[in-house]
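For reference, model18.pdb (PDB, C-alpha atoms and all ligand atoms):
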```
MODEL        1
ATOM      1  CA  MET A1341     -64.238  16.564  -6.089  1.00  0.00           C
ATOM      2  CA  THR A1342     -64.884  19.555  -8.272  1.00  0.00           C
ATOM      3  CA  ARG A1343     -62.909  21.323 -10.964  1.00  0.00           C
ATOM      4  CA  PHE A1344     -59.764  23.034  -9.739  1.00  0.00           C
ATOM      5  CA  VAL A1345     -60.486  26.732  -9.484  1.00  0.00           C
ATOM      6  CA  TRP A1346     -57.296  28.786  -9.519  1.00  0.00           C
ATOM      7  CA  SER A1347     -57.134  31.428  -6.856  1.00  0.00           C
ATOM      8  CA  GLU A1348     -54.735  34.226  -5.959  1.00  0.00           C
ATOM      9  CA  GLU A1349     -53.722  32.421  -2.802  1.00  0.00           C
ATOM     10  CA  PHE A1350     -51.838  29.899  -4.988  1.00  0.00           C
ATOM     11  CA  GLU A1351     -49.701  32.608  -6.553  1.00  0.00           C
ATOM     12  CA  LEU A1352     -46.024  32.777  -5.651  1.00  0.00           C
ATOM     13  CA  GLY A1353     -45.548  36.160  -7.282  1.00  0.00           C
ATOM     14  CA  ILE A1354     -43.087  34.697  -9.801  1.00  0.00           C
ATOM     15  CA  ASP A1355     -44.990  35.091 -13.073  1.00  0.00           C
ATOM     16  CA  ILE A1356     -43.336  32.325 -15.024  1.00  0.00           C
ATOM     17  CA  ILE A1357     -43.935  29.779 -12.239  1.00  0.00           C
ATOM     18  CA  ASP A1358     -47.503  30.923 -11.605  1.00  0.00           C
ATOM     19  CA  HIS A1359     -48.168  30.540 -15.316  1.00  0.00           C
ATOM     20  CA  GLN A1360     -46.728  27.003 -15.335  1.00  0.00           C
ATOM     21  CA  HIS A1361     -48.784  26.021 -12.278  1.00  0.00           C
ATOM     22  CA  GLN A1362     -51.937  27.281 -13.993  1.00  0.00           C
ATOM     23  CA  ARG A1363     -51.093  25.232 -17.041  1.00  0.00           C
ATOM     24  CA  ILE A1364     -50.836  22.109 -14.834  1.00  0.00           C
ATOM     25  CA  VAL A1365     -54.223  23.025 -13.338  1.00  0.00           C
ATOM     26  CA  GLU A1366     -55.658  23.116 -16.877  1.00  0.00           C
ATOM     27  CA  TYR A1367     -54.406  19.575 -17.501  1.00  0.00           C
ATOM     28  CA  ILE A1368     -55.894  18.389 -14.197  1.00  0.00           C
ATOM     29  CA  ASN A1369     -59.247  19.943 -15.118  1.00  0.00           C
ATOM     30  CA  GLN A1370     -59.105  18.311 -18.547  1.00  0.00           C
ATOM     31  CA  ILE A1371     -58.621  14.922 -16.861  1.00  0.00           C
ATOM     32  CA  TYR A1372     -61.501  15.720 -14.501  1.00  0.00           C
ATOM     33  CA  ASP A1373     -63.806  16.718 -17.391  1.00  0.00           C
ATOM     34  CA  ILE A1374     -62.936  13.669 -19.463  1.00  0.00           C
ATOM     35  CA  SER A1375     -63.384  11.271 -16.562  1.00  0.00           C
ATOM     36  CA  ALA A1376     -66.726  12.857 -15.652  1.00  0.00           C
ATOM     37  CA  ALA A1377     -67.891  12.416 -19.259  1.00  0.00           C
ATOM     38  CA  ASP A1378     -66.653   8.804 -19.308  1.00  0.00           C
ATOM     39  CA  LEU A1379     -68.604   8.068 -16.166  1.00  0.00           C
ATOM     40  CA  ASP A1380     -71.729   9.549 -17.706  1.00  0.00           C
ATOM     41  CA  ALA A1381     -71.346   7.308 -20.691  1.00  0.00           C
ATOM     42  CA  ALA A1382     -70.612   4.417 -18.331  1.00  0.00           C
ATOM     43  CA  THR A1383     -68.154   3.011 -20.815  1.00  0.00           C
ATOM     44  CA  GLY A1384     -65.672   2.101 -18.120  1.00  0.00           C
ATOM     45  CA  GLU A1385     -62.895   2.365 -20.664  1.00  0.00           C
ATOM     46  CA  ASN A1386     -59.972   4.709 -20.919  1.00  0.00           C
ATOM     47  CA  THR A1387     -60.357   6.807 -23.987  1.00  0.00           C
ATOM     48  CA  ALA A1388     -57.465   7.729 -26.241  1.00  0.00           C
ATOM     49  CA  GLU A1389     -58.156  11.271 -25.086  1.00  0.00           C
ATOM     50  CA  ILE A1390     -57.396  10.601 -21.440  1.00  0.00           C
ATOM     51  CA  LYS A1391     -54.188   8.775 -22.340  1.00  0.00           C
ATOM     52  CA  GLN A1392     -53.162  11.718 -24.475  1.00  0.00           C
ATOM     53  CA  VAL A1393     -53.831  14.310 -21.747  1.00  0.00           C
ATOM     54  CA  LEU A1394     -52.070  12.182 -19.177  1.00  0.00           C
ATOM     55  CA  ALA A1395     -48.982  11.855 -21.369  1.00  0.00           C
ATOM     56  CA  SER A1396     -48.941  15.635 -21.913  1.00  0.00           C
ATOM     57  CA  LEU A1397     -49.387  16.260 -18.208  1.00  0.00           C
ATOM     58  CA  VAL A1398     -46.473  13.992 -17.273  1.00  0.00           C
ATOM     59  CA  ASP A1399     -44.215  15.632 -19.889  1.00  0.00           C
ATOM     60  CA  TYR A1400     -45.182  19.129 -18.870  1.00  0.00           C
ATOM     61  CA  THR A1401     -44.832  18.434 -15.148  1.00  0.00           C
ATOM     62  CA  VAL A1402     -41.365  16.929 -15.584  1.00  0.00           C
ATOM     63  CA  SER A1403     -40.288  20.044 -17.531  1.00  0.00           C
ATOM     64  CA  HIS A1404     -41.848  22.323 -14.923  1.00  0.00           C
ATOM     65  CA  PHE A1405     -40.028  20.545 -12.081  1.00  0.00           C
ATOM     66  CA  ALA A1406     -36.694  20.799 -13.918  1.00  0.00           C
ATOM     67  CA  PHE A1407     -37.311  24.500 -14.512  1.00  0.00           C
ATOM     68  CA  GLU A1408     -38.250  25.100 -10.887  1.00  0.00           C
ATOM     69  CA  GLU A1409     -35.179  23.207  -9.677  1.00  0.00           C
ATOM     70  CA  ALA A1410     -32.934  25.305 -11.942  1.00  0.00           C
ATOM     71  CA  LEU A1411     -34.492  28.430 -10.458  1.00  0.00           C
ATOM     72  CA  MET A1412     -33.834  27.199  -6.915  1.00  0.00           C
ATOM     73  CA  GLU A1413     -30.283  26.223  -7.819  1.00  0.00           C
ATOM     74  CA  GLU A1414     -29.648  29.632  -9.347  1.00  0.00           C
ATOM     75  CA  ALA A1415     -30.878  31.240  -6.125  1.00  0.00           C
ATOM     76  CA  ASP A1416     -28.771  28.893  -3.924  1.00  0.00           C
ATOM     77  CA  TYR A1417     -31.897  27.674  -2.165  1.00  0.00           C
ATOM     78  CA  PRO A1418     -30.674  25.589   0.804  1.00  0.00           C
ATOM     79  CA  GLU A1419     -33.557  23.076   0.665  1.00  0.00           C
ATOM     80  CA  LEU A1420     -33.139  22.217  -3.000  1.00  0.00           C
ATOM     81  CA  SER A1421     -32.361  18.529  -2.446  1.00  0.00           C
ATOM     82  CA  GLU A1422     -35.420  18.000  -0.214  1.00  0.00           C
ATOM     83  CA  HIS A1423     -37.584  19.749  -2.791  1.00  0.00           C
ATOM     84  CA  GLN A1424     -36.096  17.637  -5.584  1.00  0.00           C
ATOM     85  CA  LEU A1425     -36.943  14.499  -3.628  1.00  0.00           C
ATOM     86  CA  VAL A1426     -40.598  15.568  -3.350  1.00  0.00           C
ATOM     87  CA  HIS A1427     -40.636  16.218  -7.118  1.00  0.00           C
ATOM     88  CA  ARG A1428     -39.141  12.761  -7.815  1.00  0.00           C
ATOM     89  CA  GLN A1429     -41.729  11.058  -5.594  1.00  0.00           C
ATOM     90  CA  PHE A1430     -44.573  12.842  -7.336  1.00  0.00           C
ATOM     91  CA  THR A1431     -43.162  12.057 -10.792  1.00  0.00           C
ATOM     92  CA  GLY A1432     -43.057   8.388  -9.774  1.00  0.00           C
ATOM     93  CA  LEU A1433     -46.669   8.555  -8.637  1.00  0.00           C
ATOM     94  CA  ILE A1434     -48.019  10.065 -11.871  1.00  0.00           C
ATOM     95  CA  GLU A1435     -45.877   7.784 -14.046  1.00  0.00           C
ATOM     96  CA  ASN A1436     -47.300   4.813 -12.188  1.00  0.00           C
ATOM     97  CA  LEU A1437     -50.873   6.054 -12.710  1.00  0.00           C
ATOM     98  CA  LYS A1438     -50.107   6.711 -16.389  1.00  0.00           C
ATOM     99  CA  ALA A1439     -48.802   3.147 -16.813  1.00  0.00           C
ATOM    100  CA  ARG A1440     -51.914   1.726 -15.107  1.00  0.00           C
ATOM    101  CA  CYS A1441     -54.143   3.849 -17.313  1.00  0.00           C
ATOM    102  CA  GLU A1442     -52.340   2.559 -20.419  1.00  0.00           C
ATOM    103  CA  GLN A1443     -52.964  -0.996 -19.235  1.00  0.00           C
ATOM    104  CA  GLY A1444     -56.672  -0.275 -19.160  1.00  0.00           C
ATOM    105  CA  GLU A1445     -57.229   0.397 -15.483  1.00  0.00           C
ATOM    106  CA  GLU A1446     -59.789   3.112 -14.802  1.00  0.00           C
ATOM    107  CA  VAL A1447     -57.707   5.621 -12.862  1.00  0.00           C
ATOM    108  CA  SER A1448     -58.765   9.012 -14.191  1.00  0.00           C
ATOM    109  CA  GLN A1449     -61.077  10.004 -11.326  1.00  0.00           C
ATOM    110  CA  LYS A1450     -58.542   8.996  -8.736  1.00  0.00           C
ATOM    111  CA  LEU A1451     -55.815  10.668 -10.721  1.00  0.00           C
ATOM    112  CA  ALA A1452     -57.605  14.002 -11.001  1.00  0.00           C
ATOM    113  CA  ALA A1453     -58.293  13.981  -7.252  1.00  0.00           C
ATOM    114  CA  VAL A1454     -54.725  13.016  -6.293  1.00  0.00           C
ATOM    115  CA  LEU A1455     -53.207  15.593  -8.630  1.00  0.00           C
ATOM    116  CA  GLN A1456     -55.447  18.360  -7.419  1.00  0.00           C
ATOM    117  CA  GLN A1457     -54.789  17.673  -3.763  1.00  0.00           C
ATOM    118  CA  TRP A1458     -51.058  17.217  -4.291  1.00  0.00           C
ATOM    119  CA  LEU A1459     -50.590  20.368  -6.326  1.00  0.00           C
ATOM    120  CA  ILE A1460     -52.470  22.609  -3.882  1.00  0.00           C
ATOM    121  CA  GLN A1461     -50.528  21.195  -0.952  1.00  0.00           C
ATOM    122  CA  HIS A1462     -47.191  21.428  -2.775  1.00  0.00           C
ATOM    123  CA  ILE A1463     -47.667  25.026  -3.897  1.00  0.00           C
ATOM    124  CA  MET A1464     -48.841  26.121  -0.475  1.00  0.00           C
ATOM    125  CA  THR A1465     -45.917  24.519   1.390  1.00  0.00           C
ATOM    126  CA  GLU A1466     -42.740  23.563  -0.524  1.00  0.00           C
ATOM    127  CA  ASP A1467     -43.127  26.083  -3.342  1.00  0.00           C
ATOM    128  CA  LYS A1468     -43.992  28.949  -1.003  1.00  0.00           C
ATOM    129  CA  GLY A1469     -40.795  27.987   0.821  1.00  0.00           C
ATOM    130  CA  TYR A1470     -38.502  28.963  -2.043  1.00  0.00           C
ATOM    131  CA  ALA A1471     -40.558  31.847  -3.424  1.00  0.00           C
ATOM    132  CA  GLU A1472     -39.154  34.654  -1.282  1.00  0.00           C
ATOM    133  CA  LEU A1473     -35.511  33.759  -1.836  1.00  0.00           C
ATOM    134  CA  VAL A1474     -35.960  33.271  -5.570  1.00  0.00           C
ATOM    135  CA  LYS A1475     -37.743  36.597  -5.843  1.00  0.00           C
ATOM    136  CA  GLN A1476     -34.965  38.363  -3.964  1.00  0.00           C
ATOM    137  CA  GLN A1477     -32.158  36.663  -5.864  1.00  0.00           C
ATOM    138  CA  LEU A1478     -33.524  36.607  -9.356  1.00  0.00           C
ATOM    139  CA  LEU A1479     -36.012  39.385  -9.620  1.00  0.00           C
ATOM    140  CA  GLY A1480     -33.584  41.704  -7.905  1.00  0.00           C
ATOM    141  CA  ILE A1481     -31.129  41.453 -10.787  1.00  0.00           C
ATOM    142  CA  GLU A1482     -31.226  43.625 -13.899  1.00  0.00           C
ATOM    143  CA  PRO A1483     -34.509  43.124 -15.800  1.00  0.00           C
ATOM    144  CA  GLU A1484     -32.602  42.404 -18.999  1.00  0.00           C
ATOM    145  CA  GLN A1485     -30.400  39.797 -17.321  1.00  0.00           C
ATOM    146  CA  HIS A1486     -33.463  38.270 -15.660  1.00  0.00           C
ATOM    147  CA  ARG A1487     -35.367  38.009 -18.951  1.00  0.00           C
ATOM    148  CA  HIS A1488     -32.351  36.433 -20.561  1.00  0.00           C
ATOM    149  CA  TRP A1489     -32.000  33.837 -17.796  1.00  0.00           C
ATOM    150  CA  VAL A1490     -35.708  32.934 -17.893  1.00  0.00           C
ATOM    151  CA  ALA A1491     -35.780  32.678 -21.706  1.00  0.00           C
ATOM    152  CA  GLU A1492     -32.686  30.487 -21.694  1.00  0.00           C
ATOM    153  CA  ALA A1493     -34.059  28.214 -18.957  1.00  0.00           C
ATOM    154  CA  VAL A1494     -37.447  27.910 -20.692  1.00  0.00           C
ATOM    155  CA  SER A1495     -35.794  26.783 -23.919  1.00  0.00           C
ATOM    156  CA  ARG A1496     -33.641  24.342 -21.966  1.00  0.00           C
ATOM    157  CA  TYR A1497     -36.539  22.561 -20.261  1.00  0.00           C
ATOM    158  CA  PHE A1498     -39.559  23.054 -22.507  1.00  0.00           C
ATOM    159  CA  GLN A1499     -39.659  21.961 -26.115  1.00  0.00           C
TER     160      GLN A1499
HETATM  161 FE    FE A1501     -42.144  22.414  -6.589  1.00  0.00          FE
ENDMDL
END
```

Is it possible to express this structure as structure tokens?
Amino acid sequence: MTRFVWSEEFELGIDIIDHQHQRIVEYINQIYDISAADLDAATGENTAEIKQVLASLVDYTVSHFAFEEALMEEADYPELSEHQLVHRQFTGLIENLKARCEQGEEVSQKLAAVLQQWLIQHIMTEDKGYAELVKQQLLGIEPEQHRHWVAEAVSRYFQ
């Protein structure tokens, strides 16, 4: 695999979500860079750094999912429960990899690859599925009201 290069085709046209997705991409690239460096050094050990990035990634992703679900709920998106299920499955997957990493198993390369593939696929299918409705419902409202809703939701889900 290579580093994740963000491209316009991944954009949903909802700034706050696009920004959060790019932040997740940054974490994935950090894991990729660290694991590549670890392989060079042939240490075969998980550094404190990778554990730290992984913990941040899990935290951030959980917050992002909660934010996205609130957005879909606000827009009365009919496939919210299916989307939530996909989020739960992915959270389980990364929590499992995080636990294995903490126990010393070398998972960073696999993790970076899985995350990259999953995120691209998820954005291009499930996320694109809600984008139009959310844009119509939320971005169609008064800019002031919209800003207020976004600011309130951000403070609810992100520390
Ligand atoms: Fe999603």

* To do: Counting all atoms listed in the file, write as a ChimeraX atom specification all protein and nucleic acid residues lying at most 12 Å from (-52.4, -1.3, -21.7) in the file's frame.
  => /A:1385-1388,1391,1437-1446

Output the selection as a compact mmCIF listing (two decimals), keeping the file's coordinate frame - C-alpha atoms for each residue.
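This is the output file result.txt:
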```txt
# COMPACT_ATOMS: atom_id res chain seq x y z
CA GLU A 1385 -62.90 2.37 -20.66
CA ASN A 1386 -59.97 4.71 -20.92
CA THR A 1387 -60.36 6.81 -23.99
CA ALA A 1388 -57.46 7.73 -26.24
CA LYS A 1391 -54.19 8.78 -22.34
CA LEU A 1437 -50.87 6.05 -12.71
CA LYS A 1438 -50.11 6.71 -16.39
CA ALA A 1439 -48.80 3.15 -16.81
CA ARG A 1440 -51.91 1.73 -15.11
CA CYS A 1441 -54.14 3.85 -17.31
CA GLU A 1442 -52.34 2.56 -20.42
CA GLN A 1443 -52.96 -1.00 -19.24
CA GLY A 1444 -56.67 -0.28 -19.16
CA GLU A 1445 -57.23 0.40 -15.48
CA GLU A 1446 -59.79 3.11 -14.80
```

With all atoms listed in the file as the counted atoms, please give the residues lying no more than 10 Å from Gln1457 in chain A, apart from itself and same-chain residues fewer than 6 positions off, as a PyMOL selection string. chain A and resi 1341+1344+1451

Counting only C-alpha atoms and all ligand atoms, what residues are within 8 Å of ligand FE 1501 (chain A), given as a PDB file with C-alpha atoms, in the coordinates of the input?
```pdb
ATOM      1  CA  PHE A1405     -40.028  20.545 -12.081  1.00  0.00           C
ATOM      2  CA  GLU A1408     -38.250  25.100 -10.887  1.00  0.00           C
ATOM      3  CA  GLU A1409     -35.179  23.207  -9.677  1.00  0.00           C
ATOM      4  CA  HIS A1423     -37.584  19.749  -2.791  1.00  0.00           C
ATOM      5  CA  GLN A1424     -36.096  17.637  -5.584  1.00  0.00           C
ATOM      6  CA  VAL A1426     -40.598  15.568  -3.350  1.00  0.00           C
ATOM      7  CA  HIS A1427     -40.636  16.218  -7.118  1.00  0.00           C
ATOM      8  CA  HIS A1462     -47.191  21.428  -2.775  1.00  0.00           C
ATOM      9  CA  ILE A1463     -47.667  25.026  -3.897  1.00  0.00           C
ATOM     10  CA  GLU A1466     -42.740  23.563  -0.524  1.00  0.00           C
ATOM     11  CA  ASP A1467     -43.127  26.083  -3.342  1.00  0.00           C
TER      12      ASP A1467
END
```

Within 12 Å of range 1350-1365 of chain A: each range 1475-1497 of chain A residue with its shortest pair, only C-alpha atoms, as a tab-separated table:
```
residue	atom	partner	partner_atom	distance
A:Lys1475	CA	A:Ile1354	CA	6.9
A:Gln1476	CA	A:Ile1354	CA	10.7
A:Gln1477	CA	A:Ile1354	CA	11.8
A:Leu1478	CA	A:Ile1354	CA	9.8
A:Leu1479	CA	A:Ile1354	CA	8.5
A:Gly1480	CA	A:Ile1354	CA	12.0
A:His1486	CA	A:Ile1356	CA	11.5
A:Arg1487	CA	A:Ile1356	CA	10.5
A:Trp1489	CA	A:Ile1356	CA	11.8
A:Val1490	CA	A:Ile1356	CA	8.2
A:Ala1491	CA	A:Ile1356	CA	10.1
A:Ala1493	CA	A:Ile1356	CA	10.9
A:Val1494	CA	A:Ile1356	CA	9.3
```

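Considering the residues A:Leu1425, A:Val1447, A:Thr1401, A:Ile1434 and counting all atoms listed in the file, Tyr1372 in chain A has its shortest atom-to-atom contact with A:Val1447.
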
Using only C-alpha atoms, the best pick from A:Glu1389, A:Asp1399, A:Glu1435, A:Glu1349 as closest to Gln1499 in chain A would be A:Asp1399

Could range 1352-1378 of chain A be completed with N, CA and C atoms and written as an mmCIF file, in the coordinates of the input, please?
```
data_model
loop_
_atom_site.group_PDB
_atom_site.id
_atom_site.type_symbol
_atom_site.label_atom_id
_atom_site.label_comp_id
_atom_site.auth_asym_id
_atom_site.auth_seq_id
_atom_site.Cartn_x
_atom_site.Cartn_y
_atom_site.Cartn_z
ATOM 1 N N LEU A 1352 -47.294 32.580 -6.350
ATOM 2 C CA LEU A 1352 -46.024 32.777 -5.651
ATOM 3 C C LEU A 1352 -45.491 34.170 -5.921
ATOM 4 N N GLY A 1353 -46.042 34.832 -6.919
ATOM 5 C CA GLY A 1353 -45.548 36.160 -7.282
ATOM 6 C C GLY A 1353 -44.360 36.077 -8.240
ATOM 7 N N ILE A 1354 -44.113 34.875 -8.771
ATOM 8 C CA ILE A 1354 -43.087 34.697 -9.801
ATOM 9 C C ILE A 1354 -43.879 34.305 -11.048
ATOM 10 N N ASP A 1355 -44.059 35.272 -11.951
ATOM 11 C CA ASP A 1355 -44.990 35.091 -13.073
ATOM 12 C C ASP A 1355 -44.811 33.789 -13.845
ATOM 13 N N ILE A 1356 -43.569 33.499 -14.186
ATOM 14 C CA ILE A 1356 -43.336 32.325 -15.024
ATOM 15 C C ILE A 1356 -43.752 31.031 -14.322
ATOM 16 N N ILE A 1357 -43.535 30.970 -13.000
ATOM 17 C CA ILE A 1357 -43.935 29.779 -12.239
ATOM 18 C C ILE A 1357 -45.456 29.750 -12.065
ATOM 19 N N ASP A 1358 -46.043 30.885 -11.760
ATOM 20 C CA ASP A 1358 -47.503 30.923 -11.605
ATOM 21 C C ASP A 1358 -48.189 30.480 -12.899
ATOM 22 N N HIS A 1359 -47.617 30.912 -14.020
ATOM 23 C CA HIS A 1359 -48.168 30.540 -15.316
ATOM 24 C C HIS A 1359 -48.055 29.025 -15.537
ATOM 25 N N GLN A 1360 -46.910 28.453 -15.171
ATOM 26 C CA GLN A 1360 -46.728 27.003 -15.335
ATOM 27 C C GLN A 1360 -47.677 26.224 -14.417
ATOM 28 N N HIS A 1361 -47.855 26.697 -13.195
ATOM 29 C CA HIS A 1361 -48.784 26.021 -12.278
ATOM 30 C C HIS A 1361 -50.209 26.051 -12.838
ATOM 31 N N GLN A 1362 -50.582 27.185 -13.427
ATOM 32 C CA GLN A 1362 -51.937 27.281 -13.993
ATOM 33 C C GLN A 1362 -52.113 26.343 -15.178
ATOM 34 N N ARG A 1363 -51.036 26.154 -15.907
ATOM 35 C CA ARG A 1363 -51.093 25.232 -17.041
ATOM 36 C C ARG A 1363 -51.305 23.796 -16.530
ATOM 37 N N ILE A 1364 -50.654 23.438 -15.426
ATOM 38 C CA ILE A 1364 -50.836 22.109 -14.834
ATOM 39 C C ILE A 1364 -52.291 21.956 -14.356
ATOM 40 N N VAL A 1365 -52.826 23.039 -13.777
ATOM 41 C CA VAL A 1365 -54.223 23.025 -13.338
ATOM 42 C C VAL A 1365 -55.156 22.761 -14.527
ATOM 43 N N GLU A 1366 -54.839 23.350 -15.680
ATOM 44 C CA GLU A 1366 -55.658 23.116 -16.877
ATOM 45 C C GLU A 1366 -55.656 21.635 -17.270
ATOM 46 N N TYR A 1367 -54.485 21.010 -17.186
ATOM 47 C CA TYR A 1367 -54.406 19.575 -17.501
ATOM 48 C C TYR A 1367 -55.232 18.759 -16.500
ATOM 49 N N ILE A 1368 -55.135 19.120 -15.222
ATOM 50 C CA ILE A 1368 -55.894 18.389 -14.197
ATOM 51 C C ILE A 1368 -57.402 18.528 -14.477
ATOM 52 N N ASN A 1369 -57.832 19.731 -14.827
ATOM 53 C CA ASN A 1369 -59.247 19.943 -15.118
ATOM 54 C C ASN A 1369 -59.688 19.185 -16.374
ATOM 55 N N GLN A 1370 -58.778 19.088 -17.345
ATOM 56 C CA GLN A 1370 -59.105 18.311 -18.547
ATOM 57 C C GLN A 1370 -59.334 16.843 -18.179
ATOM 58 N N ILE A 1371 -58.468 16.318 -17.298
ATOM 59 C CA ILE A 1371 -58.621 14.922 -16.861
ATOM 60 C C ILE A 1371 -59.943 14.764 -16.104
ATOM 61 N N TYR A 1372 -60.237 15.745 -15.266
ATOM 62 C CA TYR A 1372 -61.501 15.720 -14.501
ATOM 63 C C TYR A 1372 -62.700 15.720 -15.450
ATOM 64 N N ASP A 1373 -62.687 16.612 -16.443
ATOM 65 C CA ASP A 1373 -63.806 16.718 -17.391
ATOM 66 C C ASP A 1373 -63.981 15.429 -18.190
ATOM 67 N N ILE A 1374 -62.858 14.893 -18.663
ATOM 68 C CA ILE A 1374 -62.936 13.669 -19.463
ATOM 69 C C ILE A 1374 -63.451 12.511 -18.615
ATOM 70 N N SER A 1375 -62.960 12.399 -17.393
ATOM 71 C CA SER A 1375 -63.384 11.271 -16.562
ATOM 72 C C SER A 1375 -64.852 11.410 -16.174
ATOM 73 N N ALA A 1376 -65.310 12.638 -15.966
ATOM 74 C CA ALA A 1376 -66.726 12.857 -15.652
ATOM 75 C C ALA A 1376 -67.586 12.437 -16.846
ATOM 76 N N ALA A 1377 -67.148 12.777 -18.051
ATOM 77 C CA ALA A 1377 -67.891 12.416 -19.259
ATOM 78 C C ALA A 1377 -67.898 10.903 -19.446
ATOM 79 N N ASP A 1378 -66.744 10.263 -19.176
ATOM 80 C CA ASP A 1378 -66.653 8.804 -19.308
ATOM 81 C C ASP A 1378 -67.608 8.104 -18.349
#
```
